[in-house]
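**Student:** Contents of run.pdb (PDB, C-alpha atoms, pLDDT in the B column) are given next:
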ATOM      1  CA  MET A1454      -4.525  18.514 -16.445  1.00 50.00           C
ATOM      2  CA  PRO A1455      -6.725  16.983 -13.759  1.00 65.00           C
ATOM      3  CA  HIS A1456      -5.115  15.017 -10.965  1.00 83.00           C
ATOM      4  CA  THR A1457      -7.563  12.522  -9.576  1.00 92.00           C
ATOM      5  CA  PRO A1458      -7.153  10.565  -6.349  1.00 97.00           C
ATOM      6  CA  VAL A1459      -8.031   6.880  -6.267  1.00 98.00           C
ATOM      7  CA  ASN A1460     -10.849   6.262  -3.784  1.00 98.00           C
ATOM      8  CA  LEU A1461     -10.611   2.717  -2.443  1.00 98.00           C
ATOM      9  CA  ALA A1462     -14.284   2.450  -1.468  1.00 98.00           C
ATOM     10  CA  ASP A1463     -15.452   3.711  -4.856  1.00 98.00           C
ATOM     11  CA  LYS A1464     -13.231   1.262  -6.691  1.00 98.00           C
ATOM     12  CA  LEU A1465     -14.223  -1.660  -4.461  1.00 98.00           C
ATOM     13  CA  SER A1466     -17.909  -0.917  -5.000  1.00 98.00           C
ATOM     14  CA  ARG A1467     -17.385  -1.713  -8.673  1.00 97.00           C
ATOM     15  CA  ILE A1468     -15.942  -5.176  -8.050  1.00 97.00           C
ATOM     16  CA  THR A1469     -18.526  -7.916  -8.364  1.00 95.00           C
ATOM     17  CA  GLU A1470     -16.426 -11.097  -8.622  1.00 96.00           C
ATOM     18  CA  HIS A1471     -14.556 -12.839  -5.840  1.00 97.00           C
ATOM     19  CA  TRP A1472     -10.863 -13.755  -6.223  1.00 96.00           C
ATOM     20  CA  SER A1473     -10.444 -11.539  -9.268  1.00 95.00           C
ATOM     21  CA  PRO A1474      -7.944  -8.764  -8.482  1.00 96.00           C
ATOM     22  CA  ARG A1475      -8.228  -5.490 -10.367  1.00 97.00           C
ATOM     23  CA  ILE A1476      -5.351  -3.054 -10.851  1.00 97.00           C
ATOM     24  CA  VAL A1477      -5.818   0.458  -9.437  1.00 98.00           C
ATOM     25  CA  GLY A1478      -2.260   1.783  -9.425  1.00 97.00           C
ATOM     26  CA  ALA A1479       1.279   1.131 -10.637  1.00 97.00           C
ATOM     27  CA  LEU A1480       4.600   2.435  -9.374  1.00 98.00           C
ATOM     28  CA  ASN A1481       8.221   1.366  -9.419  1.00 98.00           C
ATOM     29  CA  GLY A1482       7.443  -1.898 -11.168  1.00 98.00           C
ATOM     30  CA  GLN A1483       4.771  -2.807  -8.630  1.00 98.00           C
ATOM     31  CA  GLU A1484       1.004  -2.914  -8.931  1.00 98.00           C
ATOM     32  CA  ILE A1485      -1.675  -1.948  -6.426  1.00 98.00           C
ATOM     33  CA  LYS A1486      -4.670  -4.242  -6.763  1.00 98.00           C
ATOM     34  CA  LEU A1487      -8.042  -4.485  -5.065  1.00 98.00           C
ATOM     35  CA  ALA A1488     -10.022  -7.674  -4.598  1.00 98.00           C
ATOM     36  CA  LYS A1489     -13.056  -9.084  -2.880  1.00 98.00           C
ATOM     37  CA  LEU A1490     -12.422 -12.487  -1.356  1.00 98.00           C
ATOM     38  CA  GLN A1491     -14.846 -15.043   0.016  1.00 98.00           C
ATOM     39  CA  GLY A1492     -14.295 -18.708   0.784  1.00 98.00           C
ATOM     40  CA  THR A1493     -11.106 -20.713   0.362  1.00 97.00           C
ATOM     41  CA  PHE A1494      -8.549 -20.056  -2.395  1.00 96.00           C
ATOM     42  CA  VAL A1495      -5.749 -22.465  -3.425  1.00 96.00           C
ATOM     43  CA  TRP A1496      -2.351 -23.130  -1.874  1.00 97.00           C
ATOM     44  CA  HIS A1497       0.314 -21.396  -3.924  1.00 96.00           C
ATOM     45  CA  SER A1498       3.492 -19.361  -3.764  1.00 96.00           C
ATOM     46  CA  HIS A1499       5.191 -16.723  -5.873  1.00 95.00           C
ATOM     47  CA  PRO A1500       8.850 -17.652  -6.398  1.00 95.00           C
ATOM     48  CA  ASP A1501       9.968 -14.114  -7.261  1.00 96.00           C
ATOM     49  CA  ALA A1502       7.376 -11.888  -5.614  1.00 97.00           C
ATOM     50  CA  ASP A1503       6.807 -10.715  -2.057  1.00 98.00           C
ATOM     51  CA  GLU A1504       3.075 -10.040  -1.693  1.00 98.00           C
ATOM     52  CA  LEU A1505       1.354  -7.622   0.670  1.00 98.00           C
ATOM     53  CA  PHE A1506      -2.237  -8.161   1.840  1.00 98.00           C
ATOM     54  CA  LEU A1507      -3.927  -5.173   3.536  1.00 98.00           C
ATOM     55  CA  VAL A1508      -7.481  -5.745   4.759  1.00 98.00           C
ATOM     56  CA  ILE A1509      -9.759  -2.814   3.952  1.00 98.00           C
ATOM     57  CA  ARG A1510     -12.960  -4.429   5.253  1.00 98.00           C
ATOM     58  CA  GLY A1511     -13.717  -7.706   7.000  1.00 98.00           C
ATOM     59  CA  ARG A1512     -11.259 -10.401   8.007  1.00 98.00           C
ATOM     60  CA  LEU A1513      -8.796 -12.606   6.125  1.00 98.00           C
ATOM     61  CA  ASP A1514      -6.881 -15.654   7.295  1.00 98.00           C
ATOM     62  CA  LEU A1515      -3.604 -16.326   5.541  1.00 98.00           C
ATOM     63  CA  HIS A1516      -2.756 -19.948   6.174  1.00 98.00           C
ATOM     64  CA  LEU A1517       0.939 -20.728   5.991  1.00 97.00           C
ATOM     65  CA  ARG A1518       2.490 -24.170   6.308  1.00 96.00           C
ATOM     66  CA  ASP A1519       3.561 -23.375   9.878  1.00 94.00           C
ATOM     67  CA  GLY A1520       0.743 -21.180  11.128  1.00 95.00           C
ATOM     68  CA  VAL A1521      -2.059 -18.770  10.340  1.00 97.00           C
ATOM     69  CA  VAL A1522      -2.013 -14.988  10.109  1.00 97.00           C
ATOM     70  CA  SER A1523      -5.434 -13.551  10.951  1.00 98.00           C
ATOM     71  CA  LEU A1524      -5.865 -10.086   9.488  1.00 98.00           C
ATOM     72  CA  SER A1525      -8.537  -7.626  10.552  1.00 98.00           C
ATOM     73  CA  GLU A1526      -9.455  -4.291   9.012  1.00 98.00           C
ATOM     74  CA  GLY A1527      -6.439  -1.985   8.918  1.00 98.00           C
ATOM     75  CA  GLU A1528      -3.902  -4.782   9.211  1.00 98.00           C
ATOM     76  CA  PHE A1529      -1.412  -6.031   6.645  1.00 98.00           C
ATOM     77  CA  TYR A1530       0.981  -8.916   6.237  1.00 98.00           C
ATOM     78  CA  ILE A1531       3.726  -9.472   3.697  1.00 98.00           C
ATOM     79  CA  VAL A1532       4.048 -13.045   2.423  1.00 98.00           C
ATOM     80  CA  PRO A1533       7.702 -13.426   1.427  1.00 97.00           C
ATOM     81  CA  ARG A1534       8.534 -14.797  -2.005  1.00 97.00           C
ATOM     82  CA  GLY A1535       8.513 -18.565  -2.147  1.00 97.00           C
ATOM     83  CA  VAL A1536       6.343 -18.995   0.946  1.00 97.00           C
ATOM     84  CA  GLU A1537       3.253 -21.129   0.378  1.00 98.00           C
ATOM     85  CA  HIS A1538       0.025 -19.516   1.478  1.00 97.00           C
ATOM     86  CA  LEU A1539      -3.695 -20.174   1.363  1.00 98.00           C
ATOM     87  CA  PRO A1540      -6.041 -17.186   1.722  1.00 98.00           C
ATOM     88  CA  VAL A1541      -9.322 -18.010   3.466  1.00 98.00           C
ATOM     89  CA  ALA A1542     -12.188 -15.576   4.067  1.00 98.00           C
ATOM     90  CA  ASP A1543     -15.072 -17.049   6.054  1.00 98.00           C
ATOM     91  CA  GLU A1544     -17.135 -14.013   5.081  1.00 98.00           C
ATOM     92  CA  GLU A1545     -16.567 -11.613   2.216  1.00 98.00           C
ATOM     93  CA  CYS A1546     -13.622  -9.306   2.779  1.00 98.00           C
ATOM     94  CA  GLU A1547     -12.010  -6.517   0.777  1.00 98.00           C
ATOM     95  CA  VAL A1548      -8.257  -6.352   0.401  1.00 98.00           C
ATOM     96  CA  LEU A1549      -5.560  -4.205  -1.137  1.00 98.00           C
ATOM     97  CA  LEU A1550      -2.683  -6.160  -2.671  1.00 98.00           C
ATOM     98  CA  LEU A1551       0.786  -4.929  -3.523  1.00 98.00           C
ATOM     99  CA  GLU A1552       3.070  -7.075  -5.640  1.00 97.00           C
ATOM    100  CA  PRO A1553       5.327  -6.824  -8.692  1.00 96.00           C
ATOM    101  CA  ALA A1554       3.574  -6.031 -11.969  1.00 96.00           C
ATOM    102  CA  GLY A1555       2.583  -9.237 -13.707  1.00 91.00           C
ATOM    103  CA  THR A1556       2.265 -11.362 -10.568  1.00 93.00           C
ATOM    104  CA  VAL A1557      -0.422 -13.987 -11.146  1.00 90.00           C
ATOM    105  CA  ASN A1558      -2.974 -14.667  -8.395  1.00 93.00           C
ATOM    106  CA  THR A1559      -2.439 -18.424  -8.234  1.00 94.00           C
ATOM    107  CA  GLY A1560       1.365 -18.192  -8.461  1.00 93.00           C
ATOM    108  CA  ASP A1561       3.031 -21.529  -9.127  1.00 91.00           C
ATOM    109  CA  ALA A1562      -0.197 -23.479  -8.609  1.00 93.00           C
ATOM    110  CA  GLY A1563      -2.039 -22.403 -11.756  1.00 92.00           C
ATOM    111  CA  GLY A1564      -5.449 -23.930 -12.344  1.00 92.00           C
ATOM    112  CA  GLU A1565      -8.905 -22.712 -13.163  1.00 91.00           C
ATOM    113  CA  ARG A1566      -8.864 -19.832 -10.696  1.00 91.00           C
ATOM    114  CA  THR A1567      -5.935 -18.178 -12.417  1.00 94.00           C
ATOM    115  CA  VAL A1568      -6.469 -14.624 -13.684  1.00 91.00           C
ATOM    116  CA  GLU A1569      -3.674 -14.258 -16.205  1.00 85.00           C
ATOM    117  CA  ASP A1570      -4.045 -10.619 -17.050  1.00 87.00           C
ATOM    118  CA  PRO A1571      -6.038  -8.629 -14.469  1.00 92.00           C
ATOM    119  CA  ALA A1572      -7.754  -5.537 -15.839  1.00 93.00           C
ATOM    120  CA  TRP A1573      -7.418  -1.987 -14.596  1.00 96.00           C
ATOM    121  CA  LEU A1574     -10.389  -0.710 -12.666  1.00 94.00           C
TER     122      LEU A1574
ATOM    123  CA  MET B 781       7.422 -19.186  14.456  1.00 50.00           C
ATOM    124  CA  PRO B 782       4.830 -16.477  15.104  1.00 65.00           C
ATOM    125  CA  HIS B 783       3.400 -14.591  12.163  1.00 83.00           C
ATOM    126  CA  THR B 784       2.261 -11.172  13.263  1.00 93.00           C
ATOM    127  CA  PRO B 785       0.131  -8.758  11.249  1.00 97.00           C
ATOM    128  CA  VAL B 786       1.033  -5.077  11.155  1.00 98.00           C
ATOM    129  CA  ASN B 787      -1.801  -3.006  12.614  1.00 98.00           C
ATOM    130  CA  LEU B 788      -1.764   0.464  11.070  1.00 98.00           C
ATOM    131  CA  ALA B 789      -3.612   2.150  13.938  1.00 98.00           C
ATOM    132  CA  ASP B 790      -1.335   0.612  16.555  1.00 98.00           C
ATOM    133  CA  LYS B 791       1.769   1.698  14.688  1.00 98.00           C
ATOM    134  CA  LEU B 792       0.438   5.192  14.055  1.00 98.00           C
ATOM    135  CA  SER B 793      -0.386   5.620  17.743  1.00 98.00           C
ATOM    136  CA  ARG B 794       3.338   5.336  18.469  1.00 97.00           C
ATOM    137  CA  ILE B 795       4.340   8.162  16.131  1.00 97.00           C
ATOM    138  CA  THR B 796       4.783  11.455  17.958  1.00 95.00           C
ATOM    139  CA  GLU B 797       6.656  13.616  15.429  1.00 96.00           C
ATOM    140  CA  HIS B 798       5.279  15.227  12.295  1.00 97.00           C
ATOM    141  CA  TRP B 799       6.994  14.739   8.911  1.00 96.00           C
ATOM    142  CA  SER B 800       9.120  11.875  10.194  1.00 95.00           C
ATOM    143  CA  PRO B 801       8.214   8.705   8.283  1.00 96.00           C
ATOM    144  CA  ARG B 802       8.741   5.354  10.006  1.00 97.00           C
ATOM    145  CA  ILE B 803       9.199   2.069   8.159  1.00 97.00           C
ATOM    146  CA  VAL B 804       6.644  -0.669   8.867  1.00 98.00           C
ATOM    147  CA  GLY B 805       7.218  -3.052   5.980  1.00 97.00           C
ATOM    148  CA  ALA B 806       9.552  -3.913   3.103  1.00 97.00           C
ATOM    149  CA  LEU B 807       8.950  -5.907  -0.056  1.00 98.00           C
ATOM    150  CA  ASN B 808      10.381  -6.147  -3.544  1.00 98.00           C
ATOM    151  CA  GLY B 809      12.823  -3.300  -2.944  1.00 98.00           C
ATOM    152  CA  GLN B 810      10.060  -0.995  -1.698  1.00 98.00           C
ATOM    153  CA  GLU B 811       9.275   0.273   1.774  1.00 98.00           C
ATOM    154  CA  ILE B 812       5.938   0.853   3.469  1.00 98.00           C
ATOM    155  CA  LYS B 813       6.124   3.865   5.756  1.00 98.00           C
ATOM    156  CA  LEU B 814       3.703   5.598   8.089  1.00 98.00           C
ATOM    157  CA  ALA B 815       3.776   9.287   8.960  1.00 98.00           C
ATOM    158  CA  LYS B 816       1.816  11.978  10.711  1.00 98.00           C
ATOM    159  CA  LEU B 817       1.758  15.227   8.782  1.00 98.00           C
ATOM    160  CA  GLN B 818       0.672  18.686   9.859  1.00 98.00           C
ATOM    161  CA  GLY B 819       1.365  22.037   8.233  1.00 98.00           C
ATOM    162  CA  THR B 820       3.314  22.714   5.051  1.00 97.00           C
ATOM    163  CA  PHE B 821       6.311  20.635   3.945  1.00 96.00           C
ATOM    164  CA  VAL B 822       8.837  21.673   1.261  1.00 96.00           C
ATOM    165  CA  TRP B 823       8.650  21.510  -2.535  1.00 97.00           C
ATOM    166  CA  HIS B 824      10.689  18.570  -3.749  1.00 96.00           C
ATOM    167  CA  SER B 825      10.797  15.694  -6.200  1.00 96.00           C
ATOM    168  CA  HIS B 826      12.308  12.227  -6.331  1.00 95.00           C
ATOM    169  CA  PRO B 827      14.142  11.735  -9.644  1.00 95.00           C
ATOM    170  CA  ASP B 828      14.077   7.933  -9.487  1.00 96.00           C
ATOM    171  CA  ALA B 829      11.107   7.144  -7.265  1.00 97.00           C
ATOM    172  CA  ASP B 830       7.369   7.074  -7.810  1.00 98.00           C
ATOM    173  CA  GLU B 831       5.740   7.781  -4.443  1.00 98.00           C
ATOM    174  CA  LEU B 832       2.315   6.681  -3.223  1.00 98.00           C
ATOM    175  CA  PHE B 833       0.410   8.630  -0.562  1.00 98.00           C
ATOM    176  CA  LEU B 834      -2.600   6.855   1.013  1.00 98.00           C
ATOM    177  CA  VAL B 835      -4.525   8.837   3.611  1.00 98.00           C
ATOM    178  CA  ILE B 836      -5.440   6.713   6.642  1.00 98.00           C
ATOM    179  CA  ARG B 837      -7.000   9.552   8.667  1.00 98.00           C
ATOM    180  CA  GLY B 838      -7.692  13.203   7.928  1.00 98.00           C
ATOM    181  CA  ARG B 839      -6.984  15.078   4.721  1.00 98.00           C
ATOM    182  CA  LEU B 840      -3.870  15.858   2.702  1.00 98.00           C
ATOM    183  CA  ASP B 841      -3.361  18.290  -0.161  1.00 98.00           C
ATOM    184  CA  LEU B 842      -0.614  17.403  -2.613  1.00 98.00           C
ATOM    185  CA  HIS B 843       0.264  20.583  -4.443  1.00 98.00           C
ATOM    186  CA  LEU B 844       1.749  20.037  -7.880  1.00 97.00           C
ATOM    187  CA  ARG B 845       3.043  22.735 -10.197  1.00 96.00           C
ATOM    188  CA  ASP B 846      -0.121  22.476 -12.300  1.00 94.00           C
ATOM    189  CA  GLY B 847      -2.782  21.692  -9.719  1.00 94.00           C
ATOM    190  CA  VAL B 848      -3.673  20.243  -6.346  1.00 97.00           C
ATOM    191  CA  VAL B 849      -4.707  16.708  -5.429  1.00 97.00           C
ATOM    192  CA  SER B 850      -6.913  16.722  -2.345  1.00 98.00           C
ATOM    193  CA  LEU B 851      -6.877  13.363  -0.611  1.00 98.00           C
ATOM    194  CA  SER B 852      -9.412  12.242   1.970  1.00 98.00           C
ATOM    195  CA  GLU B 853      -9.404   9.142   4.140  1.00 98.00           C
ATOM    196  CA  GLY B 854      -9.206   6.003   2.006  1.00 98.00           C
ATOM    197  CA  GLU B 855      -7.809   7.800  -1.038  1.00 98.00           C
ATOM    198  CA  PHE B 856      -4.378   7.519  -2.613  1.00 98.00           C
ATOM    199  CA  TYR B 857      -2.368   9.273  -5.272  1.00 98.00           C
ATOM    200  CA  ILE B 858       0.894   8.287  -6.917  1.00 98.00           C
ATOM    201  CA  VAL B 859       3.312  11.149  -7.553  1.00 98.00           C
ATOM    202  CA  PRO B 860       5.393  10.056 -10.547  1.00 97.00           C
ATOM    203  CA  ARG B 861       9.168  10.239 -10.334  1.00 97.00           C
ATOM    204  CA  GLY B 862      10.542  13.667 -11.124  1.00 97.00           C
ATOM    205  CA  VAL B 863       7.270  15.492 -10.429  1.00 97.00           C
ATOM    206  CA  GLU B 864       7.603  18.334  -7.946  1.00 98.00           C
ATOM    207  CA  HIS B 865       5.144  18.190  -5.081  1.00 97.00           C
ATOM    208  CA  LEU B 866       4.382  20.001  -1.839  1.00 98.00           C
ATOM    209  CA  PRO B 867       2.401  18.125   0.812  1.00 98.00           C
ATOM    210  CA  VAL B 868       0.155  20.367   2.924  1.00 98.00           C
ATOM    211  CA  ALA B 869      -2.024  19.224   5.832  1.00 98.00           C
ATOM    212  CA  ASP B 870      -4.156  21.984   7.343  1.00 98.00           C
ATOM    213  CA  GLU B 871      -4.879  19.667  10.267  1.00 98.00           C
ATOM    214  CA  GLU B 872      -2.953  16.619  11.373  1.00 98.00           C
ATOM    215  CA  CYS B 873      -3.354  13.664   9.058  1.00 98.00           C
ATOM    216  CA  GLU B 874      -2.012  10.120   8.997  1.00 98.00           C
ATOM    217  CA  VAL B 875      -0.634   8.639   5.802  1.00 98.00           C
ATOM    218  CA  LEU B 876       0.806   5.429   4.454  1.00 98.00           C
ATOM    219  CA  LEU B 877       3.668   5.914   1.997  1.00 98.00           C
ATOM    220  CA  LEU B 878       5.025   3.439  -0.518  1.00 98.00           C
ATOM    221  CA  GLU B 879       8.304   4.155  -2.277  1.00 97.00           C
ATOM    222  CA  PRO B 880      11.613   2.474  -3.107  1.00 96.00           C
ATOM    223  CA  ALA B 881      13.774   1.574  -0.126  1.00 96.00           C
ATOM    224  CA  GLY B 882      16.120   4.435   0.694  1.00 91.00           C
ATOM    225  CA  THR B 883      13.905   7.197  -0.696  1.00 93.00           C
ATOM    226  CA  VAL B 884      14.505  10.367   1.330  1.00 90.00           C
ATOM    227  CA  ASN B 885      11.530  12.463   2.435  1.00 93.00           C
ATOM    228  CA  THR B 886      12.787  15.761   1.012  1.00 93.00           C
ATOM    229  CA  GLY B 887      13.996  14.239  -2.274  1.00 93.00           C
ATOM    230  CA  ASP B 888      16.191  16.584  -4.280  1.00 91.00           C
ATOM    231  CA  ALA B 889      15.440  19.558  -2.027  1.00 93.00           C
ATOM    232  CA  GLY B 890      17.367  18.448   1.052  1.00 92.00           C
ATOM    233  CA  GLY B 891      17.430  20.852   3.984  1.00 92.00           C
ATOM    234  CA  GLU B 892      16.752  20.687   7.679  1.00 91.00           C
ATOM    235  CA  ARG B 893      13.599  18.603   7.388  1.00 91.00           C
ATOM    236  CA  THR B 894      15.443  15.723   5.777  1.00 94.00           C
ATOM    237  CA  VAL B 895      15.244  12.368   7.559  1.00 91.00           C
ATOM    238  CA  GLU B 896      18.216  10.526   6.078  1.00 85.00           C
ATOM    239  CA  ASP B 897      17.656   7.128   7.580  1.00 87.00           C
ATOM    240  CA  PRO B 898      14.112   6.547   8.853  1.00 92.00           C
ATOM    241  CA  ALA B 899      13.808   3.980  11.615  1.00 93.00           C
ATOM    242  CA  TRP B 900      11.623   0.904  11.676  1.00 96.00           C
ATOM    243  CA  LEU B 901       8.601   1.158  13.924  1.00 94.00           C
TER     244      LEU B 901
END
Hey, can you dump this file as structure tokens for me?

**Tutor:**
Amino acid sequence: MPHTPVNLADKLSRITEHWSPRIVGALNGQEIKLAKLQGTFVWHSHPDADELFLVIRGRLDLHLRDGVVSLSEGEFYIVPRGVEHLPVADEECEVLLLEPAGTVNTGDAGGERTVEDPAWL
Amino acid sequence: MPHTPVNLADKLSRITEHWSPRIVGALNGQEIKLAKLQGTFVWHSHPDADELFLVIRGRLDLHLRDGVVSLSEGEFYIVPRGVEHLPVADEECEVLLLEPAGTVNTGDAGGERTVEDPAWL
């Protein structure tokens, strides 16, 4: 039985769309996702899900209602459940997300940028 | 209210002991830990906890009873609950761990290398 590591760079190289998280791991009811982000997303929150953003490459600003968290490569931030946030990437960045399985990218906001059922990569 | 990112390199630079995970984040009942590993640990498993190892720097071999997973920088592997594993680092490596809050480093093996209550860093 082969045991294969997940290589973040390899997986990210296969992502072509922005704001479309892909699942690369699952454990303890959580999912590990990778995404490429560029531009401004939508304000939203996740009522029942804390969400971790770890920047793998580039920079990401997480706007909150009372401030901004600016993340560089190798930095993470956990947005607590229920806290409104707006991800903004002035240039393309690559991020690792950790959140409960089934968490939807646009949270309570919905709308056309929602990815209901992200695929495994 | 300041919102401060967690910088992995900064946190890792403050770790001086091997095989002594430190907590740097918590979400959804899980904990994010950082550790420096060098040498051979002990065979163990976690009956109720899937455990993710992500290599931040260096290399880590996860020996399983039916094979070895060799992880390089930027690679992760999830050891499923109940699966015996033996982490081995020929040279010092730095890893990020993700597992349920309260998971003990030596799992069901116990012994002198157990860290019962890892501290926040």

**Student:** Just so the selection is clear, what residues does the PyMOL selection byres ((chain B) within 7 of (chain A)) cover here, as a VMD selection string?

**Tutor:** chain B and resid 783 to 788 807 to 808 829 to 830 849 851 854 to 857

**Student:** For the file shown, report as a PyMOL selection string the outcome of the PyMOL selection byres ((chain B and resi 872) around 9) at residue level.

**Tutor:** chain B and resi 798+816-819+837-840+869-871+873-874

**Student:** Please produce an output containing C-alpha atoms for each residue in the selection, written as a JSON list (two decimals), in the coordinates of the input.

**Tutor:**
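Output below, filename result-v4.json:
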[["chain", "number", "residue", "atom", "x", "y", "z"],
["B", 798, "HIS", "CA", 5.28, 15.23, 12.30],
["B", 816, "LYS", "CA", 1.82, 11.98, 10.71],
["B", 817, "LEU", "CA", 1.76, 15.23, 8.78],
["B", 818, "GLN", "CA", 0.67, 18.69, 9.86],
["B", 819, "GLY", "CA", 1.36, 22.04, 8.23],
["B", 837, "ARG", "CA", -7.00, 9.55, 8.67],
["B", 838, "GLY", "CA", -7.69, 13.20, 7.93],
["B", 839, "ARG", "CA", -6.98, 15.08, 4.72],
["B", 840, "LEU", "CA", -3.87, 15.86, 2.70],
["B", 869, "ALA", "CA", -2.02, 19.22, 5.83],
["B", 870, "ASP", "CA", -4.16, 21.98, 7.34],
["B", 871, "GLU", "CA", -4.88, 19.67, 10.27],
["B", 873, "CYS", "CA", -3.35, 13.66, 9.06],
["B", 874, "GLU", "CA", -2.01, 10.12, 9.00]]

**Student:** Could you list, as a ChimeraX atom specification, every residue within 8 Å of Val895 of chain B, counting only C-alpha atoms and ignoring same-chain residues fewer than 2 positions away?

**Tutor:** /B:800-801,884-886,893,897-898

**Student:** So how far away is atom CA of Val1541 of chain A from atom CA of Ala1562 of chain A, in Å?

**Tutor:**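 Spanning atom CA of Ala1562 of chain A to atom CA of Val1541 of chain A is a straight-line distance of 16.1 Å.
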
**Student:** Report as a PDB file with C-alpha atoms, in the frame of the given file all protein, DNA and RNA residues lying within 7 Å of Gly862 of chain B, evaluated on only C-alpha atoms, omitting residues in the same chain fewer than 4 positions from it.

**Tutor:**
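Here's the written file part.pdb:
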ATOM      1  CA  SER B 825      10.797  15.694  -6.200  1.00 96.00           C
ATOM      2  CA  HIS B 826      12.308  12.227  -6.331  1.00 95.00           C
ATOM      3  CA  PRO B 827      14.142  11.735  -9.644  1.00 95.00           C
ATOM      4  CA  ASP B 828      14.077   7.933  -9.487  1.00 96.00           C
TER       5      ASP B 828
END

**Student:** Quick one, how far is atom CA of Ala815 of chain B from atom CA of Asp1514 of chain A?

**Tutor:**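 Going from atom CA of Ala815 of chain B over to atom CA of Asp1514 of chain A, I get 27.2 Å.
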
**Student:** What is the atom CA of Arg1518 of chain A-atom CA of Ile812 of chain B distance in Å, reported with one decimal?

**Tutor:**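 Computing the Euclidean distance for atom CA of Arg1518 of chain A and atom CA of Ile812 of chain B yields 25.4 Å.
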